[in-house]
Amino acid sequence: MAQHSFRSGAAAAGVALALLAAPAASAAGALSPHTGTTGTTGAPGRVVASRFVPGPCPKTPEPIEALATARCGYLEVPENRSRPGGRTIRLAVAVIPAASAKPAQDPVVFMSGGPGGETFDDIPFLVSSGLNRDRELIVMAQRGNLYDEPNLACPELDRFNSASVGLPSYAPQTERLMLDAVKRCRERLTADGIDLSAYNSTENAADFADLRTALGIKQWNVYGHSYGSNLAMTYLRLHPQGIRAVALDSIAPSQYVSLPFAWAGAREGLDHLFKACAADPRCKSRYPDIERTLNEQVRKLDANPLTLNVRPPQGGDPVKVVLDGGALVNLLVAKAIPFAEVPAAIDELGRGRPERFARARAAGAAQVVGQTAHGLTNSVVCSEWVPDHSASDVLDAGRRAFPDWPDPVLAQAPQLAFQEQVCRVWNVPDRTAAMRVDPVSSVPTLFFNGTGDMKTGASWAQKTARALPHATTVQVPGIGHWVVPQSPCAQKVLASFLARPTAPDTGCVAGLGWAPFTITPK
């Protein structure tokens, strides 16, 4: 689940260590010489301090305009706070100035999705959504991410994901290749002395608490999306000091998120799409049996997969793709097909024309090697999402959600294939008891969810908000995962929430609806 943004659907649907050297502190983008610290007692006679060290901004593959004026550096923290005297790790930080000449004194700190998704790549979307319009925007790469030291990238898994588009989704051969990639990554990281058990949401939350203190910030606002919303709720529960307001986008609540949870989200998002088509006279007339057709195609492709040579949408030579029932479901959940085209794509597939889905599958062959911190992904998923349920729980949840689909498809949570086996290889302690806790807080909280989201269903916001007396929930029709960058209305609501957390203006939501669906000739 590392790739959770609305931009990465096709790549993530496949299956779902260069350390950054710090040049001279005089480089553009460095913070002032003052170094903030927050100390924790380590071995006898010395203090292990979390401290901020000014430094240059990361050199991203594509220039990020906002980093040209940002103040950057590293937060140095203990790798494992339960082991005093252990190693220290460095987390990349950027403070992006407010666009306003008179900014508010309470900045916004961003918690990105994944876990393991590349954080700095999200900055252009945050800036274009107005997150730094009236206050500073603070971005920190969660421990183990790209630009951190250490970086828990797994090129082995990136290469597997690229090759997996040409493999049957859930075949024994595919499983063996994936587990081999996981094993090689784990062996390499642990050989470098990395404590994989320390890369979890509790340590992540403590990192952000230390960042606020190290930067000398009295009070800030928190905005997290997808796994970042999970982390934000953990942070609110464990470190409530200094939090003015919390905005949660595409909530993945820590007390619920699991492999069976994934099937509920897929069902809810697809139901909203089917109902939106039925409510659109042109879509209903042209595609009257879209759900039945999808059910038929999942069964048909599971029994008789298609093998095709397809040119990826981003160009290049044709690649071999296998389109089976599992691939079809993963592509839909990942939003590899834009919502407006889904009814047309399903109808075409039912008529023997699989091109839209095949091209989306082929896009997954172009993985960016080394960008995603799969090590963080596996450590969080295997300690917090997987341990407290069985393989039969996943299958039962799938059967409840999609009773017409075959068991081989339903036995694997969408975009989370072979996780029981992966976690046996990854071998980190069970932390579910620490995470299955309802948050209770009086801090104003805003929930955004898109009704088309097939990863984290929109109804989870209402469930989570019950324990939060000052919560506001907003559902945006026709939007998928990560709402704010895709919705000008959501951006307005978020701006009003940051200005007045107890009374956000949600008026624009009432006029929203699904975008028109693509209508193909009969």
# chains A, B, ... in the order shown; residues from 1 in each chain; ligands from 1
$ closest_atom_pairs --of "stretch 147-230 of chain A" --to "stretch 70-86 of chain A" --cutoff "8 Å" --atoms "only C-alpha atoms" --output "JSON lines"
{"residue": "A:Asp195", "atom": "CA", "partner": "A:Glu79", "partner_atom": "CA", "distance": 7.6}
{"residue": "A:Ala198", "atom": "CA", "partner": "A:Asn80", "partner_atom": "CA", "distance": 5.3}
{"residue": "A:Glu203", "atom": "CA", "partner": "A:Asn80", "partner_atom": "CA", "distance": 7.4}
{"residue": "A:Asp207", "atom": "CA", "partner": "A:Val77", "partner_atom": "CA", "distance": 7.0}
{"residue": "A:Leu211", "atom": "CA", "partner": "A:Leu75", "partner_atom": "CA", "distance": 6.7}
$ select_by_dssp --residues "stretch 84-236 of chain A" --states "helix (DSSP H, G or I)" --output "MDAnalysis selection string"
chainID A and resid 120:128 155:166 172:191 196:198 201:214 227:236
$ closest_atom_pairs --of "stretch 286-317 of chain A" --to "stretch 268-273 of chain A" --cutoff "12 Å" --atoms "only C-alpha atoms" --output "CSV"
residue,atom,partner,partner_atom,distance
A:Ile290,CA,A:Leu273,CA,10.1
A:Glu291,CA,A:Leu270,CA,8.9
A:Leu294,CA,A:Leu270,CA,10.5
A:Asn295,CA,A:Leu270,CA,11.8
$ atom_distance --atom1 "atom CA of A:Gly228" --atom2 "atom CA of A:Gly398"
25.5 Å
$ closest_residue --among "A:Arg51, A:His239, A:Arg267, A:Lys300" --to "A:Pro414" --atoms "only C-alpha atoms"
A:Arg267
$ residues_around --residues "A:Ser285" --least-positions-apart "5" --cutoff "12 Å" --atoms "only C-alpha atoms" --output "ChimeraX atom specification"
/A:277-280,290,343,517,519-522
$ closest_residue --among "A:Asp453, A:Ala276, A:Ala465, A:Thr432" --to "A:Ala515" --atoms "only C-alpha atoms"
A:Ala276
$ residues_around --residues "stretch 362-377 of chain A" --least-positions-apart "3" --cutoff "8 Å" --atoms "only C-alpha atoms" --output "ChimeraX atom specification"
/A:1-3,10-14,17,114-118,143-146,151-155,157-159,161-165,185-186,196,199-200,310-314,319-321,358-359,380-381
$ closest_residue --among "A:Val394, A:Val182, A:Leu126, A:Cys57" --to "A:Gln412" --atoms "only C-alpha atoms"
A:Val394
$ atom_distance --atom1 "atom CA of A:Ser459" --atom2 "atom CA of A:Val127"
27.9 Å
$ select_by_dssp --residues "stretch 107-319 of chain A" --states "strand (DSSP E or B)" --output "NGL selection string"
:A and (108-111 or 137-140 or 149 or 220-225 or 243-249 or 306-310 or 319)
$ write_last_selection --atoms "N, CA, C and O atoms" --output "compact mmCIF listing (two decimals), in the first residue's frame"
# COMPACT_ATOMS: atom_id res chain seq x y z
N VAL A 108 1.09 24.51 9.27
CA VAL A 108 0.48 23.22 8.97
C VAL A 108 1.62 22.22 8.77
O VAL A 108 2.56 22.48 8.03
N VAL A 109 1.52 21.07 9.44
CA VAL A 109 2.47 20.00 9.21
C VAL A 109 1.74 18.89 8.45
O VAL A 109 0.60 18.55 8.77
N PHE A 110 2.39 18.35 7.45
CA PHE A 110 1.79 17.35 6.56
C PHE A 110 2.31 15.96 6.88
O PHE A 110 3.52 15.77 7.08
N MET A 111 1.40 14.99 6.92
CA MET A 111 1.75 13.58 7.10
C MET A 111 1.28 12.82 5.87
O MET A 111 0.09 12.74 5.60
N LEU A 137 4.04 25.79 5.68
CA LEU A 137 3.77 24.37 5.48
C LEU A 137 5.04 23.60 5.81
O LEU A 137 6.11 23.88 5.25
N ILE A 138 4.94 22.65 6.72
CA ILE A 138 6.09 21.86 7.13
C ILE A 138 5.92 20.44 6.62
O ILE A 138 4.87 19.80 6.84
N VAL A 139 6.94 19.95 5.94
CA VAL A 139 6.92 18.61 5.37
C VAL A 139 8.11 17.85 5.92
O VAL A 139 9.24 18.34 5.87
N MET A 140 7.86 16.66 6.47
CA MET A 140 8.95 15.80 6.93
C MET A 140 8.75 14.40 6.36
O MET A 140 7.66 13.84 6.43
N GLU A 149 18.03 9.13 6.27
CA GLU A 149 19.17 8.27 6.54
C GLU A 149 18.85 7.43 7.78
O GLU A 149 18.77 7.99 8.87
N TRP A 220 0.58 23.93 16.24
CA TRP A 220 0.46 23.78 14.79
C TRP A 220 -0.79 22.99 14.45
O TRP A 220 -1.48 22.45 15.32
N ASN A 221 -1.08 22.95 13.14
CA ASN A 221 -2.21 22.20 12.61
C ASN A 221 -1.66 20.98 11.86
O ASN A 221 -0.58 21.05 11.25
N VAL A 222 -2.39 19.89 11.88
CA VAL A 222 -1.96 18.64 11.27
C VAL A 222 -2.87 18.30 10.11
O VAL A 222 -4.11 18.35 10.24
N TYR A 223 -2.28 17.97 8.96
CA TYR A 223 -3.04 17.50 7.80
C TYR A 223 -2.41 16.19 7.33
O TYR A 223 -1.24 16.16 6.94
N GLY A 224 -3.18 15.10 7.38
CA GLY A 224 -2.67 13.81 6.94
C GLY A 224 -3.63 13.15 5.97
O GLY A 224 -4.85 13.30 6.10
N HIS A 225 -3.08 12.43 4.99
CA HIS A 225 -3.96 11.70 4.08
C HIS A 225 -3.58 10.23 4.03
O HIS A 225 -2.43 9.85 4.17
N ILE A 243 -1.30 20.71 19.49
CA ILE A 243 -2.11 20.49 18.28
C ILE A 243 -3.33 21.40 18.33
O ILE A 243 -4.17 21.31 19.23
N ARG A 244 -3.43 22.29 17.36
CA ARG A 244 -4.55 23.23 17.29
C ARG A 244 -5.75 22.61 16.57
O ARG A 244 -6.90 22.79 16.99
N ALA A 245 -5.51 21.91 15.47
CA ALA A 245 -6.58 21.32 14.66
C ALA A 245 -5.99 20.19 13.82
O ALA A 245 -4.79 20.19 13.52
N VAL A 246 -6.84 19.23 13.44
CA VAL A 246 -6.41 18.08 12.66
C VAL A 246 -7.36 17.89 11.48
O VAL A 246 -8.58 17.81 11.67
N ALA A 247 -6.81 17.80 10.28
CA ALA A 247 -7.58 17.50 9.07
C ALA A 247 -7.13 16.15 8.54
O ALA A 247 -5.94 15.91 8.34
N LEU A 248 -8.10 15.26 8.31
CA LEU A 248 -7.82 13.88 7.91
C LEU A 248 -8.47 13.62 6.55
O LEU A 248 -9.69 13.74 6.40
N ASP A 249 -7.67 13.24 5.59
CA ASP A 249 -8.11 13.07 4.21
C ASP A 249 -8.02 11.59 3.85
O ASP A 249 -6.95 10.99 3.93
N LEU A 306 -6.31 -13.39 -19.83
CA LEU A 306 -5.83 -12.93 -21.13
C LEU A 306 -4.35 -12.58 -21.03
O LEU A 306 -3.92 -11.94 -20.07
N THR A 307 -3.58 -12.97 -22.03
CA THR A 307 -2.17 -12.58 -22.13
C THR A 307 -2.03 -11.74 -23.39
O THR A 307 -2.35 -12.20 -24.50
N LEU A 308 -1.56 -10.51 -23.22
CA LEU A 308 -1.52 -9.54 -24.32
C LEU A 308 -0.18 -8.83 -24.34
O LEU A 308 0.50 -8.73 -23.32
N ASN A 309 0.20 -8.34 -25.50
CA ASN A 309 1.33 -7.43 -25.64
C ASN A 309 0.78 -6.04 -25.88
O ASN A 309 0.07 -5.81 -26.87
N VAL A 310 1.07 -5.13 -24.96
CA VAL A 310 0.41 -3.82 -24.95
C VAL A 310 1.45 -2.73 -24.78
O VAL A 310 2.37 -2.85 -23.95
N VAL A 319 4.69 -4.27 -23.80
CA VAL A 319 5.07 -5.18 -22.73
C VAL A 319 4.01 -6.27 -22.61
O VAL A 319 2.84 -6.07 -22.96
$ closest_residue --among "A:Glu420, A:Glu296, A:Asp396, A:Glu341" --to "A:Cys382" --atoms "only C-alpha atoms"
A:Glu420
